[in-house]
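Q: Enclosed is the structure file input.csv (CSV, C-alpha atoms and all ligand atoms).
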```csv
chain,number,residue,atom,x,y,z
A,1,MET,CA,-2.1,11.7,-21.3
A,2,SER,CA,-4.4,8.7,-20.5
A,3,ARG,CA,-3.4,6.0,-18.0
A,4,ARG,CA,-3.2,3.5,-20.9
A,5,GLU,CA,-0.9,5.8,-22.9
A,6,ASP,CA,1.2,6.3,-19.8
A,7,ARG,CA,1.6,2.5,-19.3
A,8,ARG,CA,2.5,2.1,-22.9
A,9,GLY,CA,5.2,4.8,-22.3
A,10,HIS,CA,6.6,2.9,-19.3
A,11,ARG,CA,6.6,-0.4,-21.3
A,12,LYS,CA,8.3,1.3,-24.2
A,13,ALA,CA,11.0,2.8,-22.0
A,14,LEU,CA,11.7,-0.5,-20.4
A,15,ARG,CA,11.8,-2.4,-23.7
A,16,GLU,CA,14.4,0.0,-25.0
A,17,ARG,CA,16.7,-0.9,-22.1
A,18,LEU,CA,15.9,-4.6,-21.6
A,19,SER,CA,16.6,-7.8,-23.5
A,20,ALA,CA,13.8,-10.0,-24.8
A,21,GLU,CA,14.5,-12.4,-22.0
A,22,GLU,CA,14.2,-9.7,-19.4
A,23,VAL,CA,11.0,-8.4,-20.9
A,24,ALA,CA,9.6,-11.9,-20.6
A,25,GLU,CA,11.0,-12.5,-17.1
A,26,LEU,CA,9.5,-9.2,-15.8
A,27,GLY,CA,6.1,-10.0,-17.4
A,28,LEU,CA,6.0,-6.7,-19.2
A,29,GLU,CA,3.7,-8.0,-21.9
A,30,LEU,CA,1.2,-9.1,-19.4
A,31,LYS,CA,-1.8,-7.4,-17.9
A,32,ALA,CA,-2.4,-6.6,-14.2
A,33,GLY,CA,-4.0,-9.7,-12.6
A,34,ASP,CA,-2.3,-12.2,-14.9
A,35,ASP,CA,-0.7,-15.2,-13.5
A,36,HIS,CA,2.9,-14.0,-13.0
A,37,TYR,CA,4.5,-12.8,-9.7
A,38,ARG,CA,4.7,-9.2,-10.9
A,39,ALA,CA,1.6,-8.9,-13.1
A,40,PHE,CA,-0.6,-10.5,-10.5
A,41,VAL,CA,-0.2,-7.5,-8.1
A,42,GLY,CA,-0.5,-4.7,-10.7
A,43,PRO,CA,0.8,-3.3,-14.0
A,44,PRO,CA,4.2,-5.0,-14.4
A,45,ALA,CA,5.7,-1.9,-16.0
A,46,THR,CA,5.5,0.1,-12.8
A,47,TYR,CA,6.2,-2.8,-10.4
A,48,ASP,CA,9.5,-1.2,-9.3
A,49,ILE,CA,8.1,2.3,-8.9
A,50,LEU,CA,5.2,1.2,-6.7
A,51,GLY,CA,7.5,-0.7,-4.5
A,52,GLY,CA,9.8,2.3,-4.2
A,53,LEU,CA,6.8,4.6,-3.5
A,54,GLN,CA,5.6,2.4,-0.6
A,55,PHE,CA,9.1,2.4,0.9
A,56,GLU,CA,9.5,6.1,0.4
A,57,LEU,CA,6.2,6.8,2.0
A,58,LEU,CA,7.1,4.8,5.1
A,59,PHE,CA,10.5,6.4,5.2
A,60,ASP,CA,8.9,9.9,4.9
A,61,LEU,CA,6.6,8.9,7.7
A,62,GLY,CA,9.6,8.2,10.0
A,63,LEU,CA,10.5,4.6,9.4
A,64,ARG,CA,13.8,3.5,11.0
A,65,GLU,CA,15.6,0.2,10.8
A,66,TYR,CA,14.5,-0.8,14.3
A,67,HIS,CA,10.8,-0.5,13.6
A,68,ARG,CA,8.5,-3.5,13.1
A,69,VAL,CA,6.5,-3.4,9.9
A,70,LEU,CA,3.4,-5.4,8.9
A,71,ASP,CA,2.8,-5.7,5.2
A,72,ILE,CA,-0.8,-6.7,4.7
A,73,GLY,CA,-1.4,-8.6,1.4
A,74,CYS,CA,2.3,-8.5,0.7
A,75,GLY,CA,1.9,-10.3,-2.7
A,76,SER,CA,5.2,-11.0,-4.3
A,77,VAL,CA,7.1,-9.0,-1.7
A,78,ARG,CA,7.3,-5.9,-3.8
A,79,LEU,CA,7.7,-3.7,-0.8
A,80,GLY,CA,9.6,-6.3,1.1
A,81,ARG,CA,12.2,-6.3,-1.6
A,82,LEU,CA,13.3,-2.9,-0.2
A,83,LEU,CA,12.1,-3.3,3.4
A,84,ILE,CA,13.6,-6.6,4.3
A,85,PRO,CA,17.2,-5.6,3.6
A,86,PHE,CA,16.6,-2.2,5.3
A,87,LEU,CA,15.1,-3.4,8.5
A,88,LEU,CA,17.0,-5.2,11.3
A,89,PRO,CA,16.4,-8.9,11.4
A,90,GLY,CA,13.0,-10.3,12.4
A,91,ARG,CA,11.2,-7.0,11.9
A,92,TYR,CA,9.3,-7.5,8.6
A,93,TYR,CA,6.0,-9.3,8.8
A,94,GLY,CA,4.1,-10.2,5.6
A,95,ILE,CA,0.6,-11.6,5.4
A,96,GLU,CA,-0.5,-13.1,2.1
A,97,PRO,CA,-3.0,-15.9,1.4
A,98,ASN,CA,-1.3,-16.8,-1.9
A,99,ARG,CA,1.9,-18.4,-0.6
A,100,ASN,CA,3.3,-19.1,-4.1
A,101,LEU,CA,3.4,-15.3,-4.7
A,102,VAL,CA,5.6,-14.9,-1.7
A,103,ILE,CA,7.9,-17.7,-2.7
A,104,GLU,CA,8.2,-16.4,-6.3
A,105,GLY,CA,8.9,-12.9,-5.0
A,106,LEU,CA,11.6,-14.1,-2.6
A,107,LYS,CA,13.1,-16.2,-5.3
A,108,HIS,CA,13.3,-13.5,-7.9
A,109,HIS,CA,14.2,-10.6,-5.5
A,110,PHE,CA,16.7,-12.3,-3.3
A,111,GLY,CA,17.5,-15.7,-4.8
A,112,GLY,CA,16.9,-19.0,-3.1
A,113,GLY,CA,13.3,-18.5,-2.1
A,114,GLU,CA,12.6,-19.1,1.5
A,115,SER,CA,16.0,-20.5,2.2
A,116,GLY,CA,18.0,-17.8,0.4
A,117,GLU,CA,20.9,-15.9,2.1
A,118,VAL,CA,19.0,-12.6,2.6
A,119,VAL,CA,15.9,-14.4,4.0
A,120,ARG,CA,18.1,-16.4,6.4
A,121,ALA,CA,19.9,-13.2,7.6
A,122,LYS,CA,16.9,-11.0,7.8
A,123,ARG,CA,14.3,-13.5,9.1
A,124,PRO,CA,11.1,-12.0,7.6
A,125,VAL,CA,8.0,-13.7,8.9
A,126,PHE,CA,5.1,-14.6,6.6
A,127,ALA,CA,1.6,-15.9,7.3
A,128,PRO,CA,-0.7,-17.2,4.7
A,129,ASN,CA,-4.1,-16.4,6.3
A,130,ALA,CA,-6.9,-14.5,4.6
A,131,ASP,CA,-8.8,-13.4,7.7
A,132,PHE,CA,-6.7,-10.4,8.5
A,133,ASP,CA,-5.5,-12.3,11.6
A,134,PHE,CA,-2.3,-10.6,12.7
A,135,SER,CA,-1.8,-12.6,15.8
A,136,PHE,CA,1.3,-14.3,14.2
A,137,VAL,CA,3.2,-11.0,14.7
A,138,GLY,CA,3.2,-11.3,18.5
A,139,GLU,CA,5.1,-8.0,19.0
A,140,PRO,CA,4.0,-4.4,18.9
A,141,ILE,CA,3.9,-3.2,15.3
A,142,ASP,CA,5.2,0.3,14.4
A,143,PHE,CA,4.1,0.6,10.8
A,144,ILE,CA,1.4,-1.1,8.8
A,145,MET,CA,1.1,-1.0,5.0
A,146,ALA,CA,-2.0,-2.2,3.2
A,147,GLN,CA,-1.3,-1.2,-0.3
A,148,SER,CA,-4.0,-2.0,-2.9
A,149,ILE,CA,-6.0,-4.1,-0.4
A,150,ALA,CA,-9.0,-1.8,0.5
A,151,SER,CA,-9.2,-1.1,-3.3
A,152,HIS,CA,-10.4,-4.8,-3.6
A,153,THR,CA,-12.2,-5.5,-0.3
A,154,GLY,CA,-15.9,-5.4,0.0
A,155,VAL,CA,-17.7,-3.7,2.8
A,156,ALA,CA,-17.5,-6.6,5.4
A,157,GLU,CA,-13.9,-7.3,4.6
A,158,THR,CA,-12.9,-3.6,4.8
A,159,LYS,CA,-14.5,-3.4,8.2
A,160,GLN,CA,-12.6,-6.5,9.3
A,161,LEU,CA,-9.4,-5.0,7.9
A,162,PHE,CA,-9.9,-1.9,10.0
A,163,ARG,CA,-10.8,-3.9,13.1
A,164,SER,CA,-7.6,-6.0,12.8
A,165,ILE,CA,-5.4,-2.9,12.1
A,166,ALA,CA,-6.8,-1.3,15.3
A,167,SER,CA,-6.1,-4.4,17.3
A,168,ALA,CA,-2.5,-4.4,16.1
A,169,CYS,CA,-1.8,-0.7,16.8
A,170,HIS,CA,-0.1,0.8,19.8
A,171,ALA,CA,-0.3,4.5,20.6
A,172,GLY,CA,2.5,5.4,18.1
A,173,THR,CA,1.7,3.0,15.2
A,174,ILE,CA,1.2,4.5,11.8
A,175,ALA,CA,-1.0,2.4,9.4
A,176,VAL,CA,-1.3,3.2,5.7
A,177,VAL,CA,-4.3,1.9,3.8
A,178,THR,CA,-4.6,2.8,0.2
A,179,TYR,CA,-8.0,3.1,-1.4
A,180,CYS,CA,-9.7,4.2,-4.6
A,181,ARG,CA,-11.5,7.3,-3.6
A,182,CYS,CA,-15.0,8.4,-4.7
A,183,ARG,CA,-16.6,11.6,-3.7
A,184,THR,CA,-19.9,10.4,-2.3
A,185,LEU,CA,-21.4,7.5,-0.4
A,186,ALA,CA,-23.8,7.1,-3.3
A,187,GLU,CA,-21.0,6.2,-5.6
A,188,GLN,CA,-19.2,3.7,-3.4
A,189,ASN,CA,-19.2,0.0,-3.3
A,190,THR,CA,-21.9,-1.6,-1.2
A,191,ARG,CA,-21.1,-5.3,-1.7
A,192,ASP,CA,-19.1,-7.8,0.4
A,193,GLY,CA,-16.3,-10.0,-1.0
A,194,TRP,CA,-13.0,-9.7,-2.7
A,195,PHE,CA,-13.0,-8.0,-6.1
A,196,TYR,CA,-9.9,-8.7,-8.2
A,197,PRO,CA,-8.4,-7.5,-10.4
A,198,LYS,CA,-11.5,-5.3,-10.5
A,199,ARG,CA,-11.3,-2.4,-8.0
A,200,VAL,CA,-13.9,-1.0,-5.6
A,201,HIS,CA,-14.3,2.7,-4.5
A,202,TYR,CA,-15.0,4.2,-1.1
A,203,ALA,CA,-15.8,7.7,0.1
A,204,ASP,CA,-13.8,9.4,2.8
A,205,GLU,CA,-16.9,9.6,4.9
A,206,PHE,CA,-17.3,5.9,5.0
A,207,LEU,CA,-13.7,5.1,5.8
A,208,ALA,CA,-13.6,7.9,8.4
A,209,GLY,CA,-16.7,6.2,10.1
A,210,LEU,CA,-15.0,2.8,10.0
A,211,ALA,CA,-11.9,4.3,11.6
A,212,ASP,CA,-14.0,6.0,14.3
A,213,SER,CA,-15.8,2.7,15.1
A,214,VAL,CA,-12.5,1.0,15.9
A,215,GLY,CA,-11.0,4.0,17.7
A,216,LEU,CA,-8.6,5.2,15.0
A,217,LEU,CA,-8.0,8.6,13.6
A,218,ALA,CA,-8.1,8.8,9.8
A,219,TYR,CA,-6.0,11.2,7.7
A,220,ARG,CA,-6.3,11.4,3.9
A,221,SER,CA,-2.8,11.7,2.8
A,222,CYS,CA,-0.7,11.6,-0.4
A,223,TRP,CA,2.1,9.6,-2.0
A,224,PRO,CA,5.7,11.0,-2.3
A,225,LEU,CA,6.3,13.3,-5.3
A,226,ALA,CA,7.7,10.4,-7.4
A,227,ASN,CA,4.1,9.3,-7.9
A,228,ASP,CA,3.7,12.2,-10.3
A,229,ARG,CA,5.3,11.2,-13.6
A,230,GLY,CA,4.4,14.6,-15.2
A,231,GLY,CA,2.0,15.2,-18.1
A,232,GLY,CA,-0.9,14.8,-15.7
A,233,THR,CA,-0.3,11.2,-15.0
A,234,LEU,CA,0.3,9.3,-11.7
A,235,VAL,CA,1.7,5.8,-11.0
A,236,SER,CA,-0.9,5.1,-8.4
A,237,TRP,CA,-4.3,6.8,-8.4
A,238,GLN,CA,-5.1,5.3,-5.1
A,239,THR,CA,-5.1,7.6,-2.0
A,240,PRO,CA,-3.1,6.6,1.1
A,241,LEU,CA,-5.2,6.9,4.2
A,242,ILE,CA,-3.2,7.2,7.5
A,243,LEU,CA,-4.7,5.5,10.5
A,244,THR,CA,-3.4,6.2,14.0
A,245,LYS,CA,-4.5,5.9,17.6
A,246,SER,CA,-3.1,9.3,18.6
A,247,ALA,CA,-3.0,12.7,16.9
A,248,TRP,CA,-0.6,12.7,14.0
A,249,GLN,CA,1.6,15.6,12.8
A,250,PRO,CA,2.4,15.3,9.1
A,251,PRO,CA,6.2,15.4,8.6
A,252,ALA,CA,7.7,18.0,6.3
A,253,ALA,CA,8.1,15.4,3.5
A,254,GLN,CA,4.4,14.7,3.5
A,255,LEU,CA,3.5,18.4,3.5
A,256,ARG,CA,5.8,19.0,0.5
A,257,ALA,CA,4.3,16.1,-1.4
A,258,GLY,CA,0.8,17.4,-0.7
A,259,ALA,CA,1.7,20.9,-1.7
A,260,SER,CA,2.7,19.7,-5.1
A,261,ALA,CA,-0.4,17.6,-5.8
A,262,PRO,CA,-2.8,20.0,-7.6
A,263,VAL,CA,-6.5,19.4,-7.3
A,264,ARG,CA,-8.0,17.8,-10.4
A,265,GLY,CA,-10.7,15.6,-11.7
A,266,SER,CA,-14.0,14.3,-10.2
A,267,ARG,CA,-14.3,10.8,-11.6
A,268,PRO,CA,-14.3,8.1,-8.9
A,269,GLY,CA,-10.9,6.7,-8.4
A,270,ARG,CA,-9.1,9.4,-10.3
A,271,GLU,CA,-8.8,11.9,-7.5
A,272,ARG,CA,-5.5,13.4,-6.9
A,273,CYS,CA,-4.6,13.4,-3.3
A,274,PRO,CA,-5.2,15.3,-1.2
A,275,ALA,CA,-8.0,16.5,-3.4
A,276,ASP,CA,-9.3,19.4,-1.4
A,277,GLY,CA,-6.2,21.1,-0.1
A,278,ASN,CA,-2.5,21.0,0.3
A,279,GLU,CA,-2.1,19.1,3.5
A,280,PRO,CA,-3.1,15.7,4.9
A,281,VAL,CA,-6.6,16.1,6.1
A,282,LEU,CA,-8.0,14.7,9.4
A,283,LEU,CA,-11.2,13.0,8.4
A,284,ASN,CA,-12.6,12.2,11.8
A,285,GLY,CA,-12.3,13.2,15.5
A,286,ARG,CA,-10.7,16.2,17.1
A,287,PRO,CA,-7.8,14.9,19.1
A,288,ALA,CA,-5.3,16.8,21.2
A,289,VAL,CA,-2.0,17.3,19.4
A,290,ASP,CA,0.6,15.9,21.8
A,291,ASP,CA,1.5,12.3,21.0
A,292,VAL,CA,3.3,12.0,17.7
A,293,PRO,CA,3.1,8.5,16.3
A,294,GLY,CA,6.1,7.0,14.5
A,295,LYS,CA,8.7,8.1,17.0
B,1,LIG,C1,-3.2,-5.7,-5.6
B,1,LIG,S1,-2.3,-6.9,-4.8
B,1,LIG,C2,-1.2,-5.9,-3.8
B,1,LIG,C3,0.0,-6.6,-3.3
B,1,LIG,C4,1.0,-5.8,-2.6
B,1,LIG,N1,0.4,-5.0,-1.5
B,1,LIG,C5,1.8,-4.9,-3.5
B,1,LIG,O1,1.6,-3.6,-3.4
B,1,LIG,O2,2.5,-5.4,-4.3
B,1,LIG,C6,-3.4,-7.5,-3.6
B,1,LIG,C7,-2.8,-8.7,-2.7
B,1,LIG,O3,-3.7,-9.0,-1.7
B,1,LIG,C8,-3.8,-10.4,-1.5
B,1,LIG,N2,-5.0,-10.7,-0.7
B,1,LIG,C9,-6.2,-11.2,-1.2
B,1,LIG,N3,-7.0,-11.4,-0.2
B,1,LIG,C10,-6.3,-11.1,1.0
B,1,LIG,C11,-6.7,-11.2,2.4
B,1,LIG,N4,-7.8,-11.6,2.8
B,1,LIG,N5,-5.7,-10.8,3.3
B,1,LIG,C12,-4.5,-10.4,2.8
B,1,LIG,N6,-4.1,-10.3,1.5
B,1,LIG,C13,-5.0,-10.7,0.6
B,1,LIG,C14,-3.7,-10.9,-2.9
B,1,LIG,O4,-3.3,-12.3,-3.0
B,1,LIG,C15,-2.7,-10.0,-3.5
B,1,LIG,O5,-1.4,-10.4,-3.4
```
Can you turn what I pasted into structure tokens?

A:
Amino acid sequence: MSRREDRRGHRKALRERLSAEEVAELGLELKAGDDHYRAFVGPPATYDILGGLQFELLFDLGLREYHRVLDIGCGSVRLGRLLIPFLLPGRYYGIEPNRNLVIEGLKHHFGGGESGEVVRAKRPVFAPNADFDFSFVGEPIDFIMAQSIASHTGVAETKQLFRSIASACHAGTIAVVTYCRCRTLAEQNTRDGWFYPKRVHYADEFLAGLADSVGLLAYRSCWPLANDRGGGTLVSWQTPLILTKSAWQPPAAQLRAGASAPVRGSRPGRERCPADGNEPVLLNGRPAVDDVPGK
């Protein structure tokens, strides 16, 4: 099944269950990148699944309610919709240059925008900067999610993203950066800038080098099993990269998800992950295995 057929299937399933008003409200007839709080951040028909996958991935990686989480490019608070109620107050930090997206997201997910009841109780903190300046956080961050950010950042911006992530990490922080994977350096993006809704591809070797240059270990990882919708199709074709300061031991949930992701395909950006084996793969360095981040 092609990606387009799969999306059509998702839309059809939703239309069968939703009213015409709901279809319009959820932007289901719109394309990824269109001006709508859901469509802007990706295909509207899988908005919910991709929010759930991000949450599940963090949960599989050891997320607890007392952790502090930074959501880079949080868009319309798709992950925050699940994270903000889960985390103890004041522990969700979202950075997003498009402030309207955040406000729309808060309004639709929680009611009342920035002054809604959930927001007042849970006190999420948002910053509108576009420089990957995480100084607004002011506290040690335990988990970082950059979902579908490095799939749009040019070379200079990706370097800045990695530098900023490294500066926000403590010894136990787990950062997840999703990327569109290509096999070779020759295939990857070479330009600077922000490419959107177009995507850019990077090779493991390049990202491993970037991680090295800022003192991070890089592990090519995989989404939870729910990413696989059967029939050879995935919700996200991006690969999650895990960045840590200390050696990381994949938890059982990650190993099981990896073991179920068969190797397939060689087109850039359509690699299953992990593409060359059953377990998360350390892409750089040879650290001692004693510190386990995420505890
Ligand atoms: C593909 S969307 C992903 C949104 C969100 N992570 C999600 O999964 O729903 C990319 C987001 O990155 C935001 N963005 C663009 N430039 C950025 C920058 N320099 N720093 C942080 N976010 C940025 C966009 O406004 C957009 O909301």

Q: From the options A:Ala171, A:Val176, A:Ile141, A:Ala166, which residue's atoms come nearest to ligand LIG 1 (chain B), counting all atoms listed in the file?

A: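 Ranked by minimum distance to ligand LIG 1 (chain B), first place goes to A:Val176.
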
Q: For ligand LIG 1 (chain B), list the contacting residues at 6 Å or closer, counting all atoms listed in the file, as a PyMOL selection string.

A: chain A and resi 41-42+72-75+78+95-98+130-132+146-149

Q: What's around A:Leu18 at 12 Å? Count all atoms listed in the file, leave out sequence neighbours fewer than 6 positions away in its own chain, and write the answer as an NGL selection string.

A: :A and (11-12 or 24-28 or 45)

Q: Once you count only C-alpha atoms, what closest atom pair and distance in Å to one decimal does each residue of stretch 116-223 of chain A within 8 Å of stretch 82-87 of chain A have, with rows by chain and rising residue number, as JSON lines?

A:
```
{"residue": "A:Val118", "atom": "CA", "partner": "A:Pro85", "partner_atom": "CA", "distance": 7.3}
{"residue": "A:Lys122", "atom": "CA", "partner": "A:Ile84", "partner_atom": "CA", "distance": 6.5}
{"residue": "A:Pro124", "atom": "CA", "partner": "A:Ile84", "partner_atom": "CA", "distance": 6.8}
```

Q: Could you check which of A:Asn227, A:Trp237, A:Ala211, A:Arg191 is closest to A:Gly285, using only C-alpha atoms?

A: A:Ala211

Q: Write out as a list in words which residues come within 10 Å of A:Asp142 when counting only C-alpha atoms, dropping same-chain ones fewer than 3 positions away.

A: Leu63, Arg64, Tyr66, His67, Arg68, Val69, Leu70, Arg91, Glu139, Ala168, Cys169, His170, Ala171, Gly172, Thr173, Ile174, Ala175, Pro293, Gly294 and Lys295 of chain A

Q: Write the selection just made, keeping C-alpha atoms, as a CSV table (one decimal), in the frame of the given file?

A:
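Done, and the output landed in again-v8.csv:
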```
chain,number,residue,atom,x,y,z
A,63,LEU,CA,10.5,4.6,9.4
A,64,ARG,CA,13.8,3.5,11.0
A,66,TYR,CA,14.5,-0.8,14.3
A,67,HIS,CA,10.8,-0.5,13.6
A,68,ARG,CA,8.5,-3.5,13.1
A,69,VAL,CA,6.5,-3.4,9.9
A,70,LEU,CA,3.4,-5.4,8.9
A,91,ARG,CA,11.2,-7.0,11.9
A,139,GLU,CA,5.1,-8.0,19.0
A,168,ALA,CA,-2.5,-4.4,16.1
A,169,CYS,CA,-1.8,-0.7,16.8
A,170,HIS,CA,-0.1,0.8,19.8
A,171,ALA,CA,-0.3,4.5,20.6
A,172,GLY,CA,2.5,5.4,18.1
A,173,THR,CA,1.7,3.0,15.2
A,174,ILE,CA,1.2,4.5,11.8
A,175,ALA,CA,-1.0,2.4,9.4
A,293,PRO,CA,3.1,8.5,16.3
A,294,GLY,CA,6.1,7.0,14.5
A,295,LYS,CA,8.7,8.1,17.0
```

Q: Can you tell me which residues surround A:Asn189 at a distance of at most 7 Å, considering only C-alpha atoms, apart from same-chain residues fewer than 3 positions away, and format the answer as a list of chain:residue names?

A: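 The filter keeps A:Val200, A:His201, A:Tyr202.
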
Q: Let's have the selection written as an mmCIF file, in the frame of the given file, with C-alpha atoms.

A:
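Saved to again-v5.cif:
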```cif
data_model
loop_
_atom_site.group_PDB
_atom_site.id
_atom_site.type_symbol
_atom_site.label_atom_id
_atom_site.label_comp_id
_atom_site.auth_asym_id
_atom_site.auth_seq_id
_atom_site.Cartn_x
_atom_site.Cartn_y
_atom_site.Cartn_z
ATOM 1 C CA VAL A 200 -13.900 -1.000 -5.600
ATOM 2 C CA HIS A 201 -14.300 2.700 -4.500
ATOM 3 C CA TYR A 202 -15.000 4.200 -1.100
#
```

Q: Would you mind listing what lies within 12 Å of A:Arg99 as a list in words, with all atoms listed in the file counted and same-chain residues fewer than 3 positions away left out?

A: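 My list of contacting residues is Tyr37, Gly73, Cys74, Gly75, Ser76, Val77, Gly94, Ile95, Glu96, Val102, Ile103, Glu104, Gly105, Leu106, Gly113, Glu114, Phe126, Ala127, Pro128, Asn129 and Ala130 of chain A.
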
Q: Using Å and a single decimal, report how far atom CA of A:Ala32 sits from atom CA of A:Lys159.

A: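 Here the two named atoms are 25.7 Å from each other.
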
Q: How many Å lie between atom CA of A:Glu187 and atom CA of A:Asp204, rounded to one decimal?

A: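 Atom-to-atom, atom CA of A:Glu187 to atom CA of A:Asp204, that is 11.5 Å.
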